[in-house]
>>> print(open('final.cif').read())   # mmCIF, N, CA and C atoms
data_run
#
loop_
_atom_site.label_atom_id
_atom_site.label_comp_id
_atom_site.auth_asym_id
_atom_site.auth_seq_id
_atom_site.Cartn_x
_atom_site.Cartn_y
_atom_site.Cartn_z
N MET A 12 20.55 0.05 -34.63
CA MET A 12 20.82 -1.23 -34.04
C MET A 12 21.32 -1.09 -32.59
N LYS A 13 22.15 -0.06 -32.39
CA LYS A 13 22.70 0.18 -31.06
C LYS A 13 21.58 0.49 -30.06
N LYS A 14 20.57 1.25 -30.51
CA LYS A 14 19.44 1.59 -29.64
C LYS A 14 18.68 0.34 -29.22
N TYR A 15 18.51 -0.60 -30.16
CA TYR A 15 17.79 -1.84 -29.84
C TYR A 15 18.56 -2.69 -28.84
N MET A 16 19.87 -2.73 -28.95
CA MET A 16 20.69 -3.50 -28.01
C MET A 16 20.59 -2.90 -26.61
N ILE A 17 20.65 -1.57 -26.53
CA ILE A 17 20.55 -0.90 -25.23
C ILE A 17 19.17 -1.15 -24.63
N LEU A 18 18.13 -1.03 -25.45
CA LEU A 18 16.77 -1.29 -24.98
C LEU A 18 16.62 -2.72 -24.49
N LEU A 19 17.17 -3.68 -25.23
CA LEU A 19 17.12 -5.09 -24.84
C LEU A 19 17.83 -5.32 -23.51
N MET A 20 18.99 -4.69 -23.35
CA MET A 20 19.75 -4.84 -22.11
C MET A 20 18.97 -4.24 -20.93
N LEU A 21 18.34 -3.09 -21.13
CA LEU A 21 17.54 -2.48 -20.06
C LEU A 21 16.36 -3.35 -19.68
N MET A 22 15.70 -3.93 -20.67
CA MET A 22 14.56 -4.80 -20.39
C MET A 22 14.99 -6.04 -19.63
N CYS A 23 16.12 -6.63 -20.03
CA CYS A 23 16.63 -7.81 -19.32
C CYS A 23 17.00 -7.46 -17.88
N GLY A 24 17.61 -6.30 -17.69
CA GLY A 24 17.98 -5.86 -16.35
C GLY A 24 16.76 -5.65 -15.47
N ALA A 25 15.71 -5.04 -16.03
CA ALA A 25 14.48 -4.82 -15.27
C ALA A 25 13.82 -6.15 -14.91
N LEU A 26 13.80 -7.09 -15.84
CA LEU A 26 13.21 -8.40 -15.59
C LEU A 26 13.98 -9.13 -14.49
N TYR A 27 15.31 -9.07 -14.55
CA TYR A 27 16.14 -9.73 -13.53
C TYR A 27 15.87 -9.10 -12.17
N THR A 28 15.77 -7.78 -12.10
CA THR A 28 15.53 -7.09 -10.83
C THR A 28 14.19 -7.50 -10.24
N MET A 29 13.15 -7.61 -11.07
CA MET A 29 11.84 -8.01 -10.56
C MET A 29 11.88 -9.43 -10.02
N GLN A 30 12.61 -10.33 -10.68
CA GLN A 30 12.69 -11.72 -10.23
C GLN A 30 13.54 -11.85 -8.97
N ALA A 31 14.55 -11.00 -8.83
CA ALA A 31 15.49 -11.12 -7.71
C ALA A 31 14.93 -10.56 -6.41
N GLN A 32 13.84 -9.79 -6.46
CA GLN A 32 13.28 -9.22 -5.25
C GLN A 32 12.69 -10.32 -4.38
N GLU A 33 13.11 -10.36 -3.14
CA GLU A 33 12.52 -11.33 -2.23
C GLU A 33 11.52 -10.63 -1.34
N VAL A 34 10.57 -11.39 -0.87
CA VAL A 34 9.54 -10.83 -0.01
C VAL A 34 10.12 -10.69 1.39
N LYS A 35 10.10 -9.49 1.91
CA LYS A 35 10.70 -9.22 3.22
C LYS A 35 9.70 -9.50 4.33
N PRO A 36 10.21 -9.87 5.50
CA PRO A 36 9.32 -10.10 6.65
C PRO A 36 8.59 -8.82 7.04
N VAL A 37 7.44 -9.00 7.68
CA VAL A 37 6.65 -7.87 8.18
C VAL A 37 6.61 -7.97 9.70
N TYR A 38 6.96 -6.87 10.37
CA TYR A 38 6.94 -6.80 11.82
C TYR A 38 5.95 -5.71 12.24
N THR A 39 5.06 -6.06 13.18
CA THR A 39 4.12 -5.07 13.70
C THR A 39 4.06 -5.19 15.22
N GLN A 40 3.89 -4.06 15.87
CA GLN A 40 3.78 -4.05 17.33
C GLN A 40 2.43 -4.62 17.73
N ASP A 41 2.42 -5.52 18.70
CA ASP A 41 1.20 -6.15 19.19
C ASP A 41 1.26 -6.16 20.72
N GLY A 42 0.89 -5.06 21.34
CA GLY A 42 1.02 -4.94 22.79
C GLY A 42 2.49 -4.89 23.17
N ASP A 43 2.89 -5.76 24.10
CA ASP A 43 4.30 -5.85 24.52
C ASP A 43 5.15 -6.62 23.51
N MET A 44 4.48 -7.33 22.61
CA MET A 44 5.21 -8.20 21.68
C MET A 44 5.25 -7.62 20.27
N VAL A 45 6.10 -8.24 19.45
CA VAL A 45 6.19 -7.87 18.04
C VAL A 45 5.71 -9.08 17.24
N LYS A 46 4.69 -8.86 16.43
CA LYS A 46 4.18 -9.92 15.56
C LYS A 46 5.05 -9.96 14.30
N ALA A 47 5.53 -11.14 13.96
CA ALA A 47 6.40 -11.31 12.79
C ALA A 47 5.75 -12.26 11.80
N THR A 48 5.80 -11.88 10.53
CA THR A 48 5.31 -12.73 9.46
C THR A 48 6.41 -12.83 8.42
N PHE A 49 6.83 -14.07 8.14
CA PHE A 49 7.87 -14.33 7.15
C PHE A 49 7.22 -14.98 5.93
N TYR A 50 7.80 -14.73 4.76
CA TYR A 50 7.19 -15.17 3.50
C TYR A 50 8.12 -16.04 2.68
N HIS A 51 7.52 -16.95 1.91
CA HIS A 51 8.25 -17.70 0.89
C HIS A 51 8.51 -16.76 -0.29
N ASP A 52 9.41 -17.15 -1.18
CA ASP A 52 9.71 -16.34 -2.35
C ASP A 52 8.49 -16.09 -3.23
N ASN A 53 7.50 -17.00 -3.18
CA ASN A 53 6.31 -16.84 -4.02
C ASN A 53 5.26 -15.92 -3.38
N GLY A 54 5.56 -15.36 -2.20
CA GLY A 54 4.65 -14.44 -1.54
C GLY A 54 3.75 -15.08 -0.51
N GLN A 55 3.69 -16.41 -0.46
CA GLN A 55 2.87 -17.10 0.55
C GLN A 55 3.54 -16.97 1.92
N VAL A 56 2.73 -16.93 2.97
CA VAL A 56 3.26 -16.87 4.33
C VAL A 56 4.03 -18.16 4.62
N ALA A 57 5.25 -18.02 5.14
CA ALA A 57 6.08 -19.17 5.52
C ALA A 57 5.89 -19.49 7.01
N GLN A 58 5.89 -18.46 7.84
CA GLN A 58 5.64 -18.66 9.27
C GLN A 58 5.23 -17.34 9.90
N ALA A 59 4.51 -17.48 11.01
CA ALA A 59 4.04 -16.29 11.72
C ALA A 59 4.03 -16.57 13.21
N GLY A 60 4.37 -15.57 13.98
CA GLY A 60 4.38 -15.70 15.43
C GLY A 60 4.79 -14.38 16.06
N HIS A 61 5.21 -14.45 17.32
CA HIS A 61 5.55 -13.24 18.06
C HIS A 61 6.95 -13.34 18.66
N PHE A 62 7.50 -12.16 18.91
CA PHE A 62 8.75 -12.00 19.65
C PHE A 62 8.45 -11.19 20.90
N LEU A 63 9.12 -11.54 21.98
CA LEU A 63 9.05 -10.76 23.21
C LEU A 63 10.48 -10.55 23.67
N ASN A 64 10.90 -9.32 23.78
CA ASN A 64 12.27 -8.99 24.16
C ASN A 64 13.30 -9.68 23.25
N GLY A 65 12.99 -9.75 21.96
CA GLY A 65 13.91 -10.32 20.99
C GLY A 65 13.93 -11.84 20.92
N LYS A 66 13.05 -12.51 21.69
CA LYS A 66 13.00 -13.97 21.70
C LYS A 66 11.64 -14.46 21.20
N LEU A 67 11.63 -15.62 20.54
CA LEU A 67 10.38 -16.22 20.08
C LEU A 67 9.49 -16.47 21.29
N GLN A 68 8.19 -16.13 21.13
CA GLN A 68 7.28 -16.25 22.27
C GLN A 68 5.88 -16.63 21.78
N GLY A 69 5.26 -17.57 22.47
CA GLY A 69 3.88 -17.95 22.15
C GLY A 69 3.79 -18.86 20.94
N GLU A 70 2.62 -18.86 20.32
CA GLU A 70 2.34 -19.77 19.21
C GLU A 70 3.01 -19.31 17.92
N TRP A 71 3.64 -20.26 17.22
CA TRP A 71 4.21 -20.04 15.90
C TRP A 71 3.58 -21.06 14.97
N VAL A 72 3.24 -20.62 13.77
CA VAL A 72 2.63 -21.48 12.76
C VAL A 72 3.48 -21.40 11.50
N MET A 73 3.77 -22.58 10.90
CA MET A 73 4.55 -22.64 9.68
C MET A 73 3.71 -23.21 8.54
N TYR A 74 3.96 -22.72 7.32
CA TYR A 74 3.20 -23.11 6.14
C TYR A 74 4.15 -23.50 5.01
N ASP A 75 3.69 -24.38 4.11
CA ASP A 75 4.48 -24.70 2.94
C ASP A 75 4.25 -23.62 1.87
N THR A 76 4.88 -23.78 0.72
CA THR A 76 4.82 -22.75 -0.32
C THR A 76 3.43 -22.60 -0.94
N SER A 77 2.55 -23.57 -0.72
CA SER A 77 1.19 -23.45 -1.24
C SER A 77 0.22 -22.90 -0.20
N GLY A 78 0.70 -22.61 1.01
CA GLY A 78 -0.14 -22.04 2.06
C GLY A 78 -0.73 -23.07 3.01
N LYS A 79 -0.35 -24.34 2.85
CA LYS A 79 -0.87 -25.40 3.72
C LYS A 79 -0.06 -25.43 5.02
N LYS A 80 -0.78 -25.52 6.16
CA LYS A 80 -0.12 -25.56 7.47
C LYS A 80 0.71 -26.83 7.60
N ILE A 81 1.98 -26.69 8.01
CA ILE A 81 2.86 -27.85 8.16
C ILE A 81 3.36 -28.03 9.59
N ALA A 82 3.24 -26.98 10.42
CA ALA A 82 3.68 -27.12 11.81
C ALA A 82 3.07 -26.02 12.66
N ILE A 83 2.87 -26.36 13.93
CA ILE A 83 2.39 -25.38 14.91
C ILE A 83 2.96 -25.77 16.26
N GLY A 84 3.39 -24.76 17.02
CA GLY A 84 3.95 -25.05 18.33
C GLY A 84 4.12 -23.79 19.15
N GLN A 85 4.61 -23.97 20.37
CA GLN A 85 4.75 -22.88 21.34
C GLN A 85 6.22 -22.65 21.69
N TYR A 86 6.54 -21.38 21.87
CA TYR A 86 7.85 -20.98 22.40
C TYR A 86 7.63 -20.25 23.71
N ALA A 87 8.56 -20.41 24.64
CA ALA A 87 8.59 -19.65 25.88
C ALA A 87 9.99 -19.08 26.01
N GLU A 88 10.12 -17.78 25.84
CA GLU A 88 11.41 -17.08 25.90
C GLU A 88 12.43 -17.72 24.96
N GLY A 89 12.01 -18.04 23.73
CA GLY A 89 12.91 -18.57 22.71
C GLY A 89 13.14 -20.06 22.77
N VAL A 90 12.46 -20.76 23.67
CA VAL A 90 12.65 -22.20 23.86
C VAL A 90 11.37 -22.94 23.46
N LYS A 91 11.53 -24.00 22.64
CA LYS A 91 10.37 -24.82 22.28
C LYS A 91 9.84 -25.50 23.53
N THR A 92 8.51 -25.48 23.67
CA THR A 92 7.91 -26.07 24.85
C THR A 92 6.55 -26.67 24.51
N GLY A 93 6.15 -27.66 25.27
CA GLY A 93 4.83 -28.25 25.09
C GLY A 93 4.71 -29.09 23.83
N LYS A 94 3.47 -29.28 23.40
CA LYS A 94 3.20 -30.10 22.23
C LYS A 94 3.35 -29.29 20.94
N TRP A 95 4.08 -29.87 20.00
CA TRP A 95 4.21 -29.32 18.66
C TRP A 95 3.59 -30.34 17.72
N PHE A 96 3.00 -29.85 16.65
CA PHE A 96 2.37 -30.72 15.65
C PHE A 96 2.98 -30.44 14.29
N PHE A 97 3.35 -31.53 13.59
CA PHE A 97 3.95 -31.45 12.27
C PHE A 97 3.14 -32.32 11.32
N TRP A 98 2.69 -31.73 10.21
CA TRP A 98 1.93 -32.47 9.21
C TRP A 98 2.84 -32.85 8.06
N GLU A 99 2.85 -34.14 7.72
CA GLU A 99 3.64 -34.65 6.60
C GLU A 99 2.74 -35.53 5.77
N GLY A 100 2.05 -34.97 4.78
CA GLY A 100 1.09 -35.72 3.98
C GLY A 100 -0.05 -36.18 4.86
N GLU A 101 -0.28 -37.49 4.93
CA GLU A 101 -1.36 -38.07 5.75
C GLU A 101 -0.93 -38.29 7.20
N LEU A 102 0.34 -38.06 7.50
CA LEU A 102 0.88 -38.33 8.83
C LEU A 102 0.91 -37.04 9.66
N LEU A 103 0.49 -37.16 10.91
CA LEU A 103 0.59 -36.07 11.87
C LEU A 103 1.55 -36.51 12.96
N LYS A 104 2.60 -35.73 13.19
CA LYS A 104 3.54 -36.03 14.27
C LYS A 104 3.27 -35.08 15.42
N GLU A 105 3.10 -35.66 16.59
CA GLU A 105 2.92 -34.89 17.83
C GLU A 105 4.22 -35.03 18.60
N VAL A 106 4.91 -33.93 18.80
CA VAL A 106 6.21 -33.94 19.46
C VAL A 106 6.11 -33.14 20.75
N ASP A 107 6.45 -33.76 21.86
CA ASP A 107 6.46 -33.07 23.16
C ASP A 107 7.86 -32.56 23.44
N TYR A 108 7.93 -31.26 23.76
CA TYR A 108 9.21 -30.62 24.09
C TYR A 108 9.21 -30.21 25.54
N SER A 109 10.36 -30.31 26.15
CA SER A 109 10.60 -29.77 27.48
C SER A 109 11.97 -29.12 27.45
N ASN A 110 12.02 -27.82 27.68
CA ASN A 110 13.27 -27.08 27.69
C ASN A 110 14.06 -27.29 26.39
N ASN A 111 13.36 -27.20 25.26
CA ASN A 111 13.95 -27.31 23.93
C ASN A 111 14.42 -28.73 23.58
N GLN A 112 14.08 -29.71 24.39
CA GLN A 112 14.47 -31.10 24.16
C GLN A 112 13.22 -31.93 23.86
N ILE A 113 13.34 -32.85 22.88
CA ILE A 113 12.23 -33.74 22.57
C ILE A 113 12.14 -34.80 23.66
N VAL A 114 10.94 -34.94 24.26
CA VAL A 114 10.75 -35.95 25.30
C VAL A 114 9.86 -37.10 24.83
N ALA A 115 9.04 -36.86 23.81
CA ALA A 115 8.18 -37.93 23.28
C ALA A 115 7.70 -37.55 21.88
N VAL A 116 7.48 -38.58 21.07
CA VAL A 116 6.95 -38.39 19.72
C VAL A 116 5.83 -39.40 19.50
N VAL A 117 4.69 -38.92 19.01
CA VAL A 117 3.58 -39.80 18.65
C VAL A 117 3.25 -39.52 17.19
N ASN A 118 3.25 -40.57 16.37
CA ASN A 118 2.84 -40.46 14.98
C ASN A 118 1.39 -40.87 14.86
N TRP A 119 0.57 -40.03 14.24
CA TRP A 119 -0.83 -40.32 14.03
C TRP A 119 -1.05 -40.53 12.54
N ASN A 120 -1.72 -41.63 12.19
CA ASN A 120 -2.03 -41.90 10.80
C ASN A 120 -3.44 -42.47 10.74
N ASN A 121 -4.38 -41.70 10.17
CA ASN A 121 -5.78 -42.12 10.08
C ASN A 121 -6.36 -42.48 11.43
N GLY A 122 -6.05 -41.71 12.46
CA GLY A 122 -6.65 -41.91 13.77
C GLY A 122 -5.94 -42.94 14.63
N GLU A 123 -4.96 -43.65 14.08
CA GLU A 123 -4.20 -44.64 14.88
C GLU A 123 -2.89 -44.02 15.28
N SER A 124 -2.45 -44.32 16.51
CA SER A 124 -1.20 -43.73 16.98
C SER A 124 -0.13 -44.78 17.16
N LEU A 125 1.11 -44.33 17.03
CA LEU A 125 2.28 -45.15 17.29
C LEU A 125 3.21 -44.30 18.11
N VAL A 126 3.47 -44.67 19.37
CA VAL A 126 4.30 -43.89 20.25
C VAL A 126 5.76 -44.23 20.04
N ILE A 127 6.57 -43.20 19.86
CA ILE A 127 8.02 -43.37 19.69
C ILE A 127 8.69 -42.54 20.75
N ASN A 128 9.57 -43.12 21.54
CA ASN A 128 10.31 -42.37 22.57
C ASN A 128 11.77 -42.28 22.24
#
>>> encode(input="final.cif", output="structure tokens")
Amino acid sequence: MKKYMILLMLMCGALYTMQAQEVKPVYTQDGDMVKATFYHDNGQVAQAGHFLNGKLQGEWVMYDTSGKKIAIGQYAEGVKTGKWFFWEGELLKEVDYSNNQIVAVVNWNNGESLVIN
């Protein structure tokens, strides 16, 4: 009986360890920059982009847990810049950034826009 209890405890411990493992980010050198890919707990890509001198740089893309794109935008030396796009169901939000500050928002729904400032 003691052997079965020890075996059961070992199996439970192994199962817990497998569930507790999180997917770690992957970093690869890409010229002067470092390409970074971050993952959701289910193994799907959460976001991907580049770092330059330790700061977010260039295009970054974010995905939900099913792999569907939910956002895309640009960084310049760690600062959000230019147009960013966020998908929320049938709605597309276009957000203009200047120096990490939102300057304009346009909501697109079925080809019609509504400008929000």
>>> resolve_selection(input="final.cif", expression="the PyMOL selection byres ((chain A and resi 58-73) around 6.5)", output="ChimeraX atom specification")
/A:43-51,56-57,74-75,79-90
>>> resolve_selection(input="final.cif", expression="the PyMOL selection byres ((chain A and resi 97) around 7)", output="list in words")
Ile81, Ala82, Ile83, Trp95, Phe96, Trp98, Glu99, Leu102, Leu103, Lys104, Glu105 and Val106 of chain A
>>> atom_distance(input="final.cif", atom1="atom N of Asp52 of chain A", atom2="atom N of Thr39 of chain A")
18.7 Å
>>> atom_distance(input="final.cif", atom1="atom CA of Thr92 of chain A", atom2="atom N of Asn111 of chain A")
5.6 Å
>>> atom_distance(input="final.cif", atom1="atom N of Asn53 of chain A", atom2="atom N of Tyr38 of chain A")
16.9 Å
>>> select_by_dssp(input="final.cif", residues="segment 22-99 of chain A", states="alpha helix (DSSP H)", output="MDAnalysis selection string")
chainID A and resid 22:31
>>> decode(input="final.cif", residues="segment 34-70 of chain A", atoms="N, CA and C atoms", output="mmCIF file, in the first residue's frame")
data_model
loop_
_atom_site.group_PDB
_atom_site.id
_atom_site.type_symbol
_atom_site.label_atom_id
_atom_site.label_comp_id
_atom_site.auth_asym_id
_atom_site.auth_seq_id
_atom_site.Cartn_x
_atom_site.Cartn_y
_atom_site.Cartn_z
ATOM 1 N N VAL A 34 5.558 28.876 -21.067
ATOM 2 C CA VAL A 34 6.335 28.988 -22.295
ATOM 3 C C VAL A 34 7.182 30.250 -22.194
ATOM 4 N N LYS A 35 8.474 30.088 -22.329
ATOM 5 C CA LYS A 35 9.397 31.212 -22.174
ATOM 6 C C LYS A 35 9.563 31.946 -23.495
ATOM 7 N N PRO A 36 9.845 33.244 -23.421
ATOM 8 C CA PRO A 36 10.080 34.017 -24.648
ATOM 9 C C PRO A 36 11.306 33.496 -25.399
ATOM 10 N N VAL A 37 11.314 33.748 -26.701
ATOM 11 C CA VAL A 37 12.441 33.366 -27.552
ATOM 12 C C VAL A 37 13.068 34.646 -28.094
ATOM 13 N N TYR A 38 14.383 34.765 -27.934
ATOM 14 C CA TYR A 38 15.131 35.919 -28.423
ATOM 15 C C TYR A 38 16.160 35.431 -29.436
ATOM 16 N N THR A 39 16.197 36.084 -30.602
ATOM 17 C CA THR A 39 17.196 35.747 -31.614
ATOM 18 C C THR A 39 17.799 37.025 -32.174
ATOM 19 N N GLN A 40 19.075 36.963 -32.489
ATOM 20 C CA GLN A 40 19.757 38.114 -33.073
ATOM 21 C C GLN A 40 19.284 38.297 -34.508
ATOM 22 N N ASP A 41 18.955 39.529 -34.881
ATOM 23 C CA ASP A 41 18.495 39.851 -36.225
ATOM 24 C C ASP A 41 19.211 41.128 -36.663
ATOM 25 N N GLY A 42 20.424 40.989 -37.166
ATOM 26 C CA GLY A 42 21.234 42.162 -37.510
ATOM 27 C C GLY A 42 21.620 42.903 -36.244
ATOM 28 N N ASP A 43 21.349 44.213 -36.217
ATOM 29 C CA ASP A 43 21.639 45.030 -35.033
ATOM 30 C C ASP A 43 20.588 44.845 -33.941
ATOM 31 N N MET A 44 19.459 44.242 -34.306
ATOM 32 C CA MET A 44 18.349 44.132 -33.363
ATOM 33 C C MET A 44 18.202 42.707 -32.831
ATOM 34 N N VAL A 45 17.370 42.597 -31.791
ATOM 35 C CA VAL A 45 17.035 41.293 -31.224
ATOM 36 C C VAL A 45 15.550 41.071 -31.475
ATOM 37 N N LYS A 46 15.235 39.984 -32.163
ATOM 38 C CA LYS A 46 13.837 39.626 -32.409
ATOM 39 C C LYS A 46 13.320 38.891 -31.173
ATOM 40 N N ALA A 47 12.174 39.328 -30.671
ATOM 41 C CA ALA A 47 11.583 38.722 -29.479
ATOM 42 C C ALA A 47 10.208 38.168 -29.815
ATOM 43 N N THR A 48 9.945 36.967 -29.332
ATOM 44 C CA THR A 48 8.636 36.348 -29.487
ATOM 45 C C THR A 48 8.188 35.887 -28.110
ATOM 46 N N PHE A 49 7.022 36.384 -27.678
ATOM 47 C CA PHE A 49 6.450 36.024 -26.389
ATOM 48 C C PHE A 49 5.238 35.137 -26.630
ATOM 49 N N TYR A 50 4.970 34.233 -25.691
ATOM 50 C CA TYR A 50 3.923 33.231 -25.877
ATOM 51 C C TYR A 50 2.882 33.266 -24.766
ATOM 52 N N HIS A 51 1.650 32.891 -25.129
ATOM 53 C CA HIS A 51 0.605 32.649 -24.144
ATOM 54 C C HIS A 51 0.896 31.313 -23.468
ATOM 55 N N ASP A 52 0.243 31.048 -22.350
ATOM 56 C CA ASP A 52 0.435 29.787 -21.635
ATOM 57 C C ASP A 52 0.093 28.574 -22.488
ATOM 58 N N ASN A 53 -0.799 28.745 -23.481
ATOM 59 C CA ASN A 53 -1.189 27.612 -24.321
ATOM 60 C C ASN A 53 -0.210 27.368 -25.475
ATOM 61 N N GLY A 54 0.872 28.153 -25.550
ATOM 62 C CA GLY A 54 1.883 27.964 -26.580
ATOM 63 C C GLY A 54 1.706 28.838 -27.804
ATOM 64 N N GLN A 55 0.553 29.501 -27.943
ATOM 65 C CA GLN A 55 0.336 30.407 -29.075
ATOM 66 C C GLN A 55 1.175 31.676 -28.888
ATOM 67 N N VAL A 56 1.608 32.261 -29.999
ATOM 68 C CA VAL A 56 2.361 33.513 -29.939
ATOM 69 C C VAL A 56 1.467 34.616 -29.370
ATOM 70 N N ALA A 57 1.976 35.352 -28.385
ATOM 71 C CA ALA A 57 1.250 36.475 -27.785
ATOM 72 C C ALA A 57 1.641 37.786 -28.468
ATOM 73 N N GLN A 58 2.934 37.969 -28.690
ATOM 74 C CA GLN A 58 3.406 39.156 -29.402
ATOM 75 C C GLN A 58 4.805 38.910 -29.935
ATOM 76 N N ALA A 59 5.132 39.665 -30.983
ATOM 77 C CA ALA A 59 6.444 39.526 -31.604
ATOM 78 C C ALA A 59 6.900 40.880 -32.114
ATOM 79 N N GLY A 60 8.180 41.121 -31.997
ATOM 80 C CA GLY A 60 8.753 42.374 -32.470
ATOM 81 C C GLY A 60 10.247 42.388 -32.217
ATOM 82 N N HIS A 61 10.828 43.576 -32.244
ATOM 83 C CA HIS A 61 12.279 43.709 -32.109
ATOM 84 C C HIS A 61 12.642 44.678 -30.985
ATOM 85 N N PHE A 62 13.853 44.481 -30.486
ATOM 86 C CA PHE A 62 14.484 45.399 -29.545
ATOM 87 C C PHE A 62 15.746 45.938 -30.200
ATOM 88 N N LEU A 63 16.035 47.199 -29.935
ATOM 89 C CA LEU A 63 17.288 47.807 -30.368
ATOM 90 C C LEU A 63 17.858 48.533 -29.157
ATOM 91 N N ASN A 64 19.032 48.152 -28.741
ATOM 92 C CA ASN A 64 19.664 48.735 -27.550
ATOM 93 C C ASN A 64 18.749 48.642 -26.322
ATOM 94 N N GLY A 65 18.043 47.522 -26.189
ATOM 95 C CA GLY A 65 17.193 47.286 -25.026
ATOM 96 C C GLY A 65 15.840 47.969 -25.070
ATOM 97 N N LYS A 66 15.512 48.649 -26.184
ATOM 98 C CA LYS A 66 14.231 49.354 -26.304
ATOM 99 C C LYS A 66 13.410 48.761 -27.446
ATOM 100 N N LEU A 67 12.079 48.775 -27.296
ATOM 101 C CA LEU A 67 11.195 48.303 -28.356
ATOM 102 C C LEU A 67 11.442 49.133 -29.606
ATOM 103 N N GLN A 68 11.510 48.439 -30.765
ATOM 104 C CA GLN A 68 11.836 49.140 -32.004
ATOM 105 C C GLN A 68 11.114 48.495 -33.179
ATOM 106 N N GLY A 69 10.535 49.320 -34.042
ATOM 107 C CA GLY A 69 9.895 48.812 -35.254
ATOM 108 C C GLY A 69 8.514 48.236 -34.986
ATOM 109 N N GLU A 70 8.093 47.364 -35.890
ATOM 110 C CA GLU A 70 6.736 46.814 -35.835
ATOM 111 C C GLU A 70 6.604 45.737 -34.758
#
